[in-house]
>>> print(open('upload_11.pdb').read())   # PDB, C-alpha atoms, pLDDT in the B column
ATOM      1  CA  ASP A   1     188.025  29.273 106.114  1.00 60.00           C
ATOM      2  CA  GLY A   2     189.077  27.329 103.056  1.00 68.00           C
ATOM      3  CA  GLY A   3     187.874  23.815 102.595  1.00 93.00           C
ATOM      4  CA  ILE A   4     185.453  21.363 101.070  1.00 96.00           C
ATOM      5  CA  THR A   5     181.823  21.254 102.101  1.00 96.00           C
ATOM      6  CA  GLN A   6     179.361  18.479 101.454  1.00 96.00           C
ATOM      7  CA  SER A   7     175.669  18.696 102.089  1.00 92.00           C
ATOM      8  CA  PRO A   8     173.627  17.295 103.539  1.00 92.00           C
ATOM      9  CA  LYS A   9     175.458  15.196 106.127  1.00 94.00           C
ATOM     10  CA  TYR A  10     172.639  12.632 106.200  1.00 95.00           C
ATOM     11  CA  LEU A  11     170.196  11.931 103.394  1.00 94.00           C
ATOM     12  CA  PHE A  12     167.255   9.562 103.249  1.00 93.00           C
ATOM     13  CA  ARG A  13     165.462   8.681 100.043  1.00 91.00           C
ATOM     14  CA  LYS A  14     162.900   6.205  98.856  1.00 91.00           C
ATOM     15  CA  GLU A  15     163.911   3.506  96.433  1.00 89.00           C
ATOM     16  CA  GLY A  16     163.554   4.612  92.803  1.00 88.00           C
ATOM     17  CA  GLN A  17     164.155   8.313  93.447  1.00 91.00           C
ATOM     18  CA  ASN A  18     167.084  10.246  92.071  1.00 94.00           C
ATOM     19  CA  VAL A  19     169.075  12.246  94.603  1.00 95.00           C
ATOM     20  CA  THR A  20     171.810  14.876  94.213  1.00 96.00           C
ATOM     21  CA  LEU A  21     174.705  15.268  96.631  1.00 97.00           C
ATOM     22  CA  SER A  22     176.410  18.629  96.854  1.00 97.00           C
ATOM     23  CA  CYS A  23     180.166  19.247  96.913  1.00 98.00           C
ATOM     24  CA  GLU A  24     181.674  22.734  97.013  1.00 98.00           C
ATOM     25  CA  GLN A  25     185.292  23.816  97.456  1.00 97.00           C
ATOM     26  CA  ASN A  26     186.833  27.259  97.929  1.00 96.00           C
ATOM     27  CA  LEU A  27     190.431  26.074  97.635  1.00 94.00           C
ATOM     28  CA  ASN A  28     190.710  27.067  93.965  1.00 93.00           C
ATOM     29  CA  HIS A  29     191.556  23.454  93.114  1.00 92.00           C
ATOM     30  CA  ASP A  30     191.381  22.277  89.535  1.00 90.00           C
ATOM     31  CA  ALA A  31     190.527  18.621  90.103  1.00 91.00           C
ATOM     32  CA  MET A  32     187.572  17.172  91.990  1.00 94.00           C
ATOM     33  CA  TYR A  33     186.587  13.583  92.788  1.00 95.00           C
ATOM     34  CA  TRP A  34     183.723  11.480  94.098  1.00 97.00           C
ATOM     35  CA  TYR A  35     184.307   8.271  96.063  1.00 97.00           C
ATOM     36  CA  ARG A  36     181.946   5.739  97.557  1.00 97.00           C
ATOM     37  CA  GLN A  37     182.778   4.023 100.847  1.00 96.00           C
ATOM     38  CA  ASP A  38     181.177   0.800 102.044  1.00 94.00           C
ATOM     39  CA  PRO A  39     182.089  -1.026 105.267  1.00 87.00           C
ATOM     40  CA  GLY A  40     185.203  -3.121 104.781  1.00 83.00           C
ATOM     41  CA  GLN A  41     185.594  -2.003 101.165  1.00 86.00           C
ATOM     42  CA  GLY A  42     187.735   1.086 101.372  1.00 89.00           C
ATOM     43  CA  LEU A  43     187.012   3.917  98.942  1.00 94.00           C
ATOM     44  CA  ARG A  44     186.107   3.396  95.319  1.00 94.00           C
ATOM     45  CA  LEU A  45     186.275   6.091  92.651  1.00 94.00           C
ATOM     46  CA  ILE A  46     182.976   7.035  90.992  1.00 96.00           C
ATOM     47  CA  TYR A  47     183.806  10.067  88.810  1.00 96.00           C
ATOM     48  CA  TYR A  48     186.479  12.724  88.603  1.00 94.00           C
ATOM     49  CA  SER A  49     186.964  16.024  86.850  1.00 93.00           C
ATOM     50  CA  GLN A  50     190.241  17.735  86.057  1.00 89.00           C
ATOM     51  CA  ILE A  51     188.747  20.861  84.486  1.00 90.00           C
ATOM     52  CA  VAL A  52     185.440  22.663  84.172  1.00 94.00           C
ATOM     53  CA  ASN A  53     182.971  21.094  81.717  1.00 95.00           C
ATOM     54  CA  ASP A  54     184.950  17.844  81.548  1.00 93.00           C
ATOM     55  CA  PHE A  55     184.821  14.673  83.661  1.00 95.00           C
ATOM     56  CA  GLN A  56     185.790  11.012  83.477  1.00 93.00           C
ATOM     57  CA  LYS A  57     184.286   7.803  84.763  1.00 95.00           C
ATOM     58  CA  GLY A  58     185.976   6.033  87.612  1.00 93.00           C
ATOM     59  CA  ASP A  59     185.778   2.387  88.582  1.00 91.00           C
ATOM     60  CA  ILE A  60     182.086   2.309  89.580  1.00 95.00           C
ATOM     61  CA  ALA A  61     180.335   5.004  87.516  1.00 96.00           C
ATOM     62  CA  GLU A  62     177.232   2.975  86.601  1.00 96.00           C
ATOM     63  CA  GLY A  63     174.085   4.477  88.091  1.00 96.00           C
ATOM     64  CA  TYR A  64     175.721   7.840  88.829  1.00 97.00           C
ATOM     65  CA  SER A  65     176.030  11.132  86.951  1.00 97.00           C
ATOM     66  CA  VAL A  66     177.988  14.349  87.556  1.00 98.00           C
ATOM     67  CA  SER A  67     178.401  17.857  86.178  1.00 97.00           C
ATOM     68  CA  ARG A  68     181.189  20.426  86.442  1.00 97.00           C
ATOM     69  CA  GLU A  69     179.759  23.765  85.361  1.00 97.00           C
ATOM     70  CA  LYS A  70     181.807  25.753  87.853  1.00 97.00           C
ATOM     71  CA  LYS A  71     185.327  25.205  89.165  1.00 96.00           C
ATOM     72  CA  GLU A  72     184.184  25.167  92.778  1.00 97.00           C
ATOM     73  CA  SER A  73     181.225  22.783  92.403  1.00 98.00           C
ATOM     74  CA  PHE A  74     180.972  19.090  91.493  1.00 98.00           C
ATOM     75  CA  PRO A  75     177.508  17.666  92.315  1.00 98.00           C
ATOM     76  CA  LEU A  76     176.836  13.928  92.163  1.00 98.00           C
ATOM     77  CA  THR A  77     173.446  12.494  91.214  1.00 97.00           C
ATOM     78  CA  VAL A  78     172.611   8.997  92.371  1.00 96.00           C
ATOM     79  CA  THR A  79     170.028   7.710  89.912  1.00 94.00           C
ATOM     80  CA  SER A  80     167.415   5.008  90.243  1.00 89.00           C
ATOM     81  CA  ALA A  81     169.664   2.824  88.068  1.00 88.00           C
ATOM     82  CA  GLN A  82     172.136   2.440  90.934  1.00 89.00           C
ATOM     83  CA  LYS A  83     171.300  -0.959  92.402  1.00 89.00           C
ATOM     84  CA  ASN A  84     172.650  -0.462  95.904  1.00 91.00           C
ATOM     85  CA  PRO A  85     172.978   3.265  96.607  1.00 93.00           C
ATOM     86  CA  THR A  86     173.123   3.148 100.415  1.00 95.00           C
ATOM     87  CA  ALA A  87     176.690   4.183 101.285  1.00 96.00           C
ATOM     88  CA  PHE A  88     178.947   6.945 102.584  1.00 96.00           C
ATOM     89  CA  TYR A  89     179.934   9.357  99.786  1.00 97.00           C
ATOM     90  CA  LEU A  90     183.121  11.399  99.930  1.00 96.00           C
ATOM     91  CA  CYS A  91     184.095  14.316  97.735  1.00 97.00           C
ATOM     92  CA  ALA A  92     187.720  15.377  97.316  1.00 95.00           C
ATOM     93  CA  SER A  93     189.738  17.997  95.472  1.00 94.00           C
ATOM     94  CA  SER A  94     193.330  18.341  94.351  1.00 90.00           C
ATOM     95  CA  PRO A  95     195.195  21.525  93.490  1.00 85.00           C
ATOM     96  CA  ASN A  96     197.164  20.602  90.403  1.00 69.00           C
ATOM     97  CA  THR A  97     196.383  18.268  87.571  1.00 65.00           C
ATOM     98  CA  GLN A  98     199.893  18.164  86.057  1.00 66.00           C
ATOM     99  CA  ASP A  99     201.768  17.056  89.170  1.00 66.00           C
ATOM    100  CA  TYR A 100     200.455  14.551  91.626  1.00 68.00           C
ATOM    101  CA  ASN A 101     199.300  16.344  94.744  1.00 73.00           C
ATOM    102  CA  GLU A 102     197.383  14.894  97.620  1.00 84.00           C
ATOM    103  CA  GLN A 103     193.627  14.966  97.653  1.00 90.00           C
ATOM    104  CA  PHE A 104     191.719  16.915 100.274  1.00 92.00           C
ATOM    105  CA  PHE A 105     188.486  15.367 101.481  1.00 95.00           C
ATOM    106  CA  GLY A 106     185.134  16.753 102.560  1.00 96.00           C
ATOM    107  CA  PRO A 107     183.247  15.458 105.623  1.00 95.00           C
ATOM    108  CA  GLY A 108     181.045  13.103 103.588  1.00 95.00           C
ATOM    109  CA  THR A 109     177.341  12.463 103.036  1.00 96.00           C
ATOM    110  CA  ARG A 110     175.686   9.310 104.316  1.00 96.00           C
ATOM    111  CA  LEU A 111     172.917   8.250 101.947  1.00 96.00           C
ATOM    112  CA  THR A 112     170.314   5.745 103.078  1.00 95.00           C
ATOM    113  CA  VAL A 113     167.756   4.431 100.629  1.00 92.00           C
ATOM    114  CA  LEU A 114     164.662   3.075 102.299  1.00 87.00           C
TER     115      LEU A 114
ATOM    116  CA  ALA B   1     196.016  -1.101  86.867  1.00 77.00           C
ATOM    117  CA  GLN B   2     197.335  -0.362  90.313  1.00 84.00           C
ATOM    118  CA  SER B   3     196.142  -2.055  93.493  1.00 91.00           C
ATOM    119  CA  VAL B   4     196.711  -1.745  97.232  1.00 95.00           C
ATOM    120  CA  THR B   5     196.608  -4.451  99.889  1.00 97.00           C
ATOM    121  CA  GLN B   6     196.293  -3.815 103.593  1.00 97.00           C
ATOM    122  CA  PRO B   7     196.550  -7.310 105.043  1.00 97.00           C
ATOM    123  CA  ASP B   8     195.376  -6.445 108.560  1.00 96.00           C
ATOM    124  CA  ILE B   9     191.675  -5.627 108.904  1.00 96.00           C
ATOM    125  CA  HIS B  10     191.956  -4.958 112.650  1.00 96.00           C
ATOM    126  CA  ILE B  11     194.958  -4.264 114.877  1.00 97.00           C
ATOM    127  CA  THR B  12     194.898  -3.858 118.659  1.00 97.00           C
ATOM    128  CA  VAL B  13     197.758  -2.040 120.362  1.00 97.00           C
ATOM    129  CA  SER B  14     198.280  -0.995 123.949  1.00 97.00           C
ATOM    130  CA  GLU B  15     198.588   2.705 124.623  1.00 97.00           C
ATOM    131  CA  GLY B  16     202.251   3.686 124.604  1.00 97.00           C
ATOM    132  CA  ALA B  17     203.305   0.724 122.471  1.00 98.00           C
ATOM    133  CA  SER B  18     204.760   0.987 118.992  1.00 98.00           C
ATOM    134  CA  LEU B  19     202.672   0.546 115.876  1.00 97.00           C
ATOM    135  CA  GLU B  20     203.238  -0.693 112.354  1.00 98.00           C
ATOM    136  CA  LEU B  21     200.472  -0.865 109.748  1.00 98.00           C
ATOM    137  CA  ARG B  22     201.269  -2.766 106.580  1.00 98.00           C
ATOM    138  CA  CYS B  23     200.625  -1.673 103.015  1.00 98.00           C
ATOM    139  CA  ASN B  24     201.622  -3.418  99.800  1.00 97.00           C
ATOM    140  CA  TYR B  25     200.979  -1.986  96.371  1.00 95.00           C
ATOM    141  CA  SER B  26     201.064  -3.129  92.790  1.00 91.00           C
ATOM    142  CA  TYR B  27     202.074  -0.643  90.135  1.00 85.00           C
ATOM    143  CA  GLY B  28     204.357  -0.786  87.102  1.00 75.00           C
ATOM    144  CA  ALA B  29     206.264   2.422  87.670  1.00 78.00           C
ATOM    145  CA  THR B  30     207.264   4.571  90.627  1.00 76.00           C
ATOM    146  CA  PRO B  31     204.043   5.088  92.548  1.00 85.00           C
ATOM    147  CA  TYR B  32     202.705   8.048  94.411  1.00 89.00           C
ATOM    148  CA  LEU B  33     201.840   6.733  97.883  1.00 93.00           C
ATOM    149  CA  PHE B  34     199.648   8.144 100.634  1.00 95.00           C
ATOM    150  CA  TRP B  35     198.431   7.298 104.128  1.00 97.00           C
ATOM    151  CA  TYR B  36     195.119   8.759 105.285  1.00 97.00           C
ATOM    152  CA  VAL B  37     193.302   8.498 108.623  1.00 97.00           C
ATOM    153  CA  GLN B  38     189.532   8.543 109.142  1.00 96.00           C
ATOM    154  CA  SER B  39     187.624   9.000 112.376  1.00 92.00           C
ATOM    155  CA  PRO B  40     184.114   7.469 112.513  1.00 87.00           C
ATOM    156  CA  GLY B  41     181.644   9.260 110.251  1.00 86.00           C
ATOM    157  CA  GLN B  42     184.248  11.778 109.097  1.00 88.00           C
ATOM    158  CA  GLY B  43     186.238  12.545 105.977  1.00 90.00           C
ATOM    159  CA  LEU B  44     189.855  11.517 105.410  1.00 94.00           C
ATOM    160  CA  GLN B  45     192.880  13.409 106.674  1.00 95.00           C
ATOM    161  CA  LEU B  46     196.277  13.058 105.029  1.00 95.00           C
ATOM    162  CA  LEU B  47     198.988  11.720 107.348  1.00 97.00           C
ATOM    163  CA  LEU B  48     201.891  11.635 104.883  1.00 95.00           C
ATOM    164  CA  LYS B  49     202.814  11.118 101.249  1.00 93.00           C
ATOM    165  CA  TYR B  50     205.680   9.801  99.142  1.00 92.00           C
ATOM    166  CA  PHE B  51     206.383  11.104  95.658  1.00 86.00           C
ATOM    167  CA  SER B  52     210.166  10.676  95.261  1.00 82.00           C
ATOM    168  CA  GLY B  53     213.466  11.166  97.071  1.00 84.00           C
ATOM    169  CA  ASP B  54     214.110  10.072 100.641  1.00 87.00           C
ATOM    170  CA  THR B  55     212.320   6.791 101.218  1.00 91.00           C
ATOM    171  CA  LEU B  56     211.556   7.560 104.879  1.00 95.00           C
ATOM    172  CA  VAL B  57     208.875  10.206 105.102  1.00 96.00           C
ATOM    173  CA  GLN B  58     207.629  12.025 108.155  1.00 96.00           C
ATOM    174  CA  GLY B  59     204.012  12.968 108.637  1.00 96.00           C
ATOM    175  CA  ILE B  60     201.708  14.613 111.089  1.00 96.00           C
ATOM    176  CA  LYS B  61     200.861  13.333 114.576  1.00 95.00           C
ATOM    177  CA  GLY B  62     204.234  11.591 114.944  1.00 97.00           C
ATOM    178  CA  PHE B  63     203.694   9.097 112.100  1.00 98.00           C
ATOM    179  CA  GLU B  64     206.314   8.022 109.580  1.00 98.00           C
ATOM    180  CA  ALA B  65     206.374   5.617 106.649  1.00 98.00           C
ATOM    181  CA  GLU B  66     209.093   3.909 104.663  1.00 96.00           C
ATOM    182  CA  PHE B  67     208.929   3.206 100.945  1.00 94.00           C
ATOM    183  CA  LYS B  68     210.617  -0.076 100.029  1.00 94.00           C
ATOM    184  CA  ARG B  69     210.607  -0.599  96.279  1.00 91.00           C
ATOM    185  CA  SER B  70     212.035  -4.139  96.506  1.00 92.00           C
ATOM    186  CA  GLN B  71     209.139  -5.216  98.711  1.00 94.00           C
ATOM    187  CA  SER B  72     206.468  -3.011  97.084  1.00 93.00           C
ATOM    188  CA  SER B  73     205.619  -1.780 100.550  1.00 96.00           C
ATOM    189  CA  PHE B  74     204.833   1.490 102.275  1.00 97.00           C
ATOM    190  CA  ASN B  75     204.337   0.625 105.951  1.00 98.00           C
ATOM    191  CA  LEU B  76     203.158   3.202 108.461  1.00 98.00           C
ATOM    192  CA  ARG B  77     204.837   3.406 111.871  1.00 98.00           C
ATOM    193  CA  LYS B  78     204.522   5.272 115.130  1.00 98.00           C
ATOM    194  CA  PRO B  79     206.868   4.736 118.096  1.00 97.00           C
ATOM    195  CA  SER B  80     204.249   5.297 120.807  1.00 97.00           C
ATOM    196  CA  VAL B  81     200.490   5.344 120.199  1.00 97.00           C
ATOM    197  CA  HIS B  82     197.965   7.469 122.044  1.00 96.00           C
ATOM    198  CA  TRP B  83     194.300   6.663 122.666  1.00 95.00           C
ATOM    199  CA  SER B  84     193.398   9.394 120.166  1.00 95.00           C
ATOM    200  CA  ASP B  85     195.080   7.382 117.385  1.00 97.00           C
ATOM    201  CA  ALA B  86     192.177   4.932 117.358  1.00 97.00           C
ATOM    202  CA  ALA B  87     190.703   5.265 113.857  1.00 97.00           C
ATOM    203  CA  GLU B  88     190.594   3.714 110.399  1.00 97.00           C
ATOM    204  CA  TYR B  89     193.796   3.984 108.368  1.00 98.00           C
ATOM    205  CA  PHE B  90     193.932   3.841 104.585  1.00 97.00           C
ATOM    206  CA  CYS B  91     196.875   3.395 102.271  1.00 97.00           C
ATOM    207  CA  ALA B  92     196.432   4.719  98.729  1.00 94.00           C
ATOM    208  CA  VAL B  93     198.352   4.749  95.478  1.00 91.00           C
ATOM    209  CA  GLY B  94     198.118   7.286  92.685  1.00 87.00           C
ATOM    210  CA  ALA B  95     199.240   7.031  89.092  1.00 75.00           C
ATOM    211  CA  ARG B  96     199.602   9.563  86.356  1.00 65.00           C
ATOM    212  CA  GLY B  97     196.939   9.102  83.719  1.00 60.00           C
ATOM    213  CA  ALA B  98     197.744   8.230  80.131  1.00 55.00           C
ATOM    214  CA  GLY B  99     196.891  11.731  79.057  1.00 51.00           C
ATOM    215  CA  GLY B 100     198.770  13.390  81.902  1.00 52.00           C
ATOM    216  CA  GLY B 101     197.220  14.896  84.956  1.00 57.00           C
ATOM    217  CA  ALA B 102     196.047  13.396  88.199  1.00 67.00           C
ATOM    218  CA  ASP B 103     193.514  10.592  88.144  1.00 77.00           C
ATOM    219  CA  GLY B 104     191.758   9.272  91.218  1.00 84.00           C
ATOM    220  CA  LEU B 105     193.478   7.329  93.962  1.00 89.00           C
ATOM    221  CA  THR B 106     193.256   3.580  94.497  1.00 91.00           C
ATOM    222  CA  PHE B 107     192.674   2.770  98.156  1.00 94.00           C
ATOM    223  CA  GLY B 108     193.274  -0.282 100.270  1.00 96.00           C
ATOM    224  CA  LYS B 109     190.358  -1.600 102.305  1.00 96.00           C
ATOM    225  CA  GLY B 110     191.670  -0.048 105.482  1.00 96.00           C
ATOM    226  CA  THR B 111     192.992  -1.152 108.876  1.00 97.00           C
ATOM    227  CA  HIS B 112     190.917  -0.488 111.977  1.00 97.00           C
ATOM    228  CA  LEU B 113     193.196   0.470 114.858  1.00 97.00           C
ATOM    229  CA  ILE B 114     192.035  -0.232 118.402  1.00 97.00           C
ATOM    230  CA  ILE B 115     193.962   1.195 121.360  1.00 97.00           C
ATOM    231  CA  GLN B 116     193.875  -0.705 124.646  1.00 95.00           C
ATOM    232  CA  PRO B 117     194.342   1.295 127.855  1.00 90.00           C
TER     233      PRO B 117
END
>>> encode(input="upload_11.pdb", output="structure tokens")
Amino acid sequence: DGGITQSPKYLFRKEGQNVTLSCEQNLNHDAMYWYRQDPGQGLRLIYYSQIVNDFQKGDIAEGYSVSREKKESFPLTVTSAQKNPTAFYLCASSPNTQDYNEQFFGPGTRLTVL
Amino acid sequence: AQSVTQPDIHITVSEGASLELRCNYSYGATPYLFWYVQSPGQGLQLLLKYFSGDTLVQGIKGFEAEFKRSQSSFNLRKPSVHWSDAAEYFCAVGARGAGGGADGLTFGKGTHLIIQP
């Protein structure tokens, strides 16, 4: 089955630790995205990548880092510099970077920092 | 920069009644508009999208939306809701980046739909 997978579904970390969230897609999409969701805040864009080995900051990139070494993978690292990392993180992909297509979302990872 | 406003945080509708969820956007050119639905603890599913052409668009699960440029609105409607429609609904706008290509979407804060039996 084609789709987007995110792992793990739930993640617990101690304050001050870096943590990496996985996002994999087998849809052969060019573009991939990371969003953060907080209650009552909607989704906010963290980083996005339109092509392998290239990515751009979104609206709330501080305290996060990404890599895009392979077309199908776009991991997100939440660093200790992120002041309030507890949130629901959603990964998405889009098939075409020249025309505006819809984004397809993964099931999300809920990160809780203790 | 674009923005999206969903003025209703919560809406309660009786099962079988009609539904309209409001969405207003701010963008300098013709926007790309989307409605997504999210069940608790899940990812987002696309209901419908507007890129150009006919301003009334049909989506999945019996939903439709109408793009009104003069009102900067893209309201979501359904003639008769079912209990399974209870969820969080997000309106989003997309814009082509300065260098071409698809940037991220800008989302509204969502409307929580409650269905009364």
>>> resolve_selection(input="upload_11.pdb", expression="the PyMOL selection byres ((chain B) within 8 of (chain A))", output="PyMOL selection string")
chain B and resi 32+34+41-46+49+51+90+94+96+100-110
>>> residues_around(input="upload_11.pdb", residues="Asp8 (chain B)", least_positions_apart="4", cutoff="12 Å", atoms="only C-alpha atoms", output="ChimeraX atom specification")
/A:40 /B:12,20-24,75,88-91,108-113
>>> write_last_selection(input="upload_11.pdb", atoms="C-alpha atoms", output="compact mmCIF listing (two decimals), keeping the file's coordinate frame")
# COMPACT_ATOMS: atom_id res chain seq x y z
CA GLY A 40 185.20 -3.12 104.78
CA THR B 12 194.90 -3.86 118.66
CA GLU B 20 203.24 -0.69 112.35
CA LEU B 21 200.47 -0.86 109.75
CA ARG B 22 201.27 -2.77 106.58
CA CYS B 23 200.62 -1.67 103.02
CA ASN B 24 201.62 -3.42 99.80
CA ASN B 75 204.34 0.62 105.95
CA GLU B 88 190.59 3.71 110.40
CA TYR B 89 193.80 3.98 108.37
CA PHE B 90 193.93 3.84 104.58
CA CYS B 91 196.88 3.40 102.27
CA GLY B 108 193.27 -0.28 100.27
CA LYS B 109 190.36 -1.60 102.30
CA GLY B 110 191.67 -0.05 105.48
CA THR B 111 192.99 -1.15 108.88
CA HIS B 112 190.92 -0.49 111.98
CA LEU B 113 193.20 0.47 114.86
>>> atom_distance(input="upload_11.pdb", atom1="CA of Asn53 (chain A)", atom2="CA of Thr5 (chain A)")
20.4 Å
>>> atom_distance(input="upload_11.pdb", atom1="CA of Asn18 (chain A)", atom2="CA of Lys71 (chain A)")
23.8 Å
>>> resolve_selection(input="upload_11.pdb", expression="the PyMOL selection byres ((chain A and resi 64) around 6)", output="PyMOL selection string")
chain A and resi 61-63+65+77-79
>>> resolve_selection(input="upload_11.pdb", expression="the PyMOL selection byres ((chain B and resi 27) around 9)", output="PDB file with C-alpha atoms, in the frame of the given file")
ATOM      1  CA  ALA B   1     196.016  -1.101  86.867  1.00 77.00           C
ATOM      2  CA  GLN B   2     197.335  -0.362  90.313  1.00 84.00           C
ATOM      3  CA  SER B   3     196.142  -2.055  93.493  1.00 91.00           C
ATOM      4  CA  VAL B   4     196.711  -1.745  97.232  1.00 95.00           C
ATOM      5  CA  TYR B  25     200.979  -1.986  96.371  1.00 95.00           C
ATOM      6  CA  SER B  26     201.064  -3.129  92.790  1.00 91.00           C
ATOM      7  CA  GLY B  28     204.357  -0.786  87.102  1.00 75.00           C
ATOM      8  CA  ALA B  29     206.264   2.422  87.670  1.00 78.00           C
ATOM      9  CA  THR B  30     207.264   4.571  90.627  1.00 76.00           C
ATOM     10  CA  PRO B  31     204.043   5.088  92.548  1.00 85.00           C
ATOM     11  CA  SER B  72     206.468  -3.011  97.084  1.00 93.00           C
ATOM     12  CA  VAL B  93     198.352   4.749  95.478  1.00 91.00           C
ATOM     13  CA  ALA B  95     199.240   7.031  89.092  1.00 75.00           C
TER      14      ALA B  95
END
>>> atom_distance(input="upload_11.pdb", atom1="CA of Ile4 (chain A)", atom2="CA of Glu24 (chain A)")
5.7 Å
>>> residues_around(input="upload_11.pdb", residues="Val66 (chain A)", least_positions_apart="5", cutoff="7 Å", atoms="only C-alpha atoms", output="PyMOL selection string")
chain A and resi 74-77
>>> residues_around(input="upload_11.pdb", residues="region 64-71 of chain B", least_positions_apart="2", cutoff="9 Å", atoms="only C-alpha atoms", output="list in words")
Asn24, Thr30, Leu33, Trp35, Leu47, Leu48, Lys49, Tyr50, Asp54, Thr55, Leu56, Val57, Gln58, Gly59, Ile60, Gly62, Ser73, Phe74, Asn75, Leu76, Arg77 and Lys78 of chain B
>>> residues_near_point(input="upload_11.pdb", point="(187.2, 28.5, 97.4)", cutoff="9 Å", atoms="only C-alpha atoms", output="number ranges by chain")
A: 1-4, 24-29, 72
>>> closest_residue(input="upload_11.pdb", among="A:Ser7, A:Cys23, A:Ile60, A:Phe55", to="Asn84 (chain A)", atoms="only C-alpha atoms")
A:Ile60
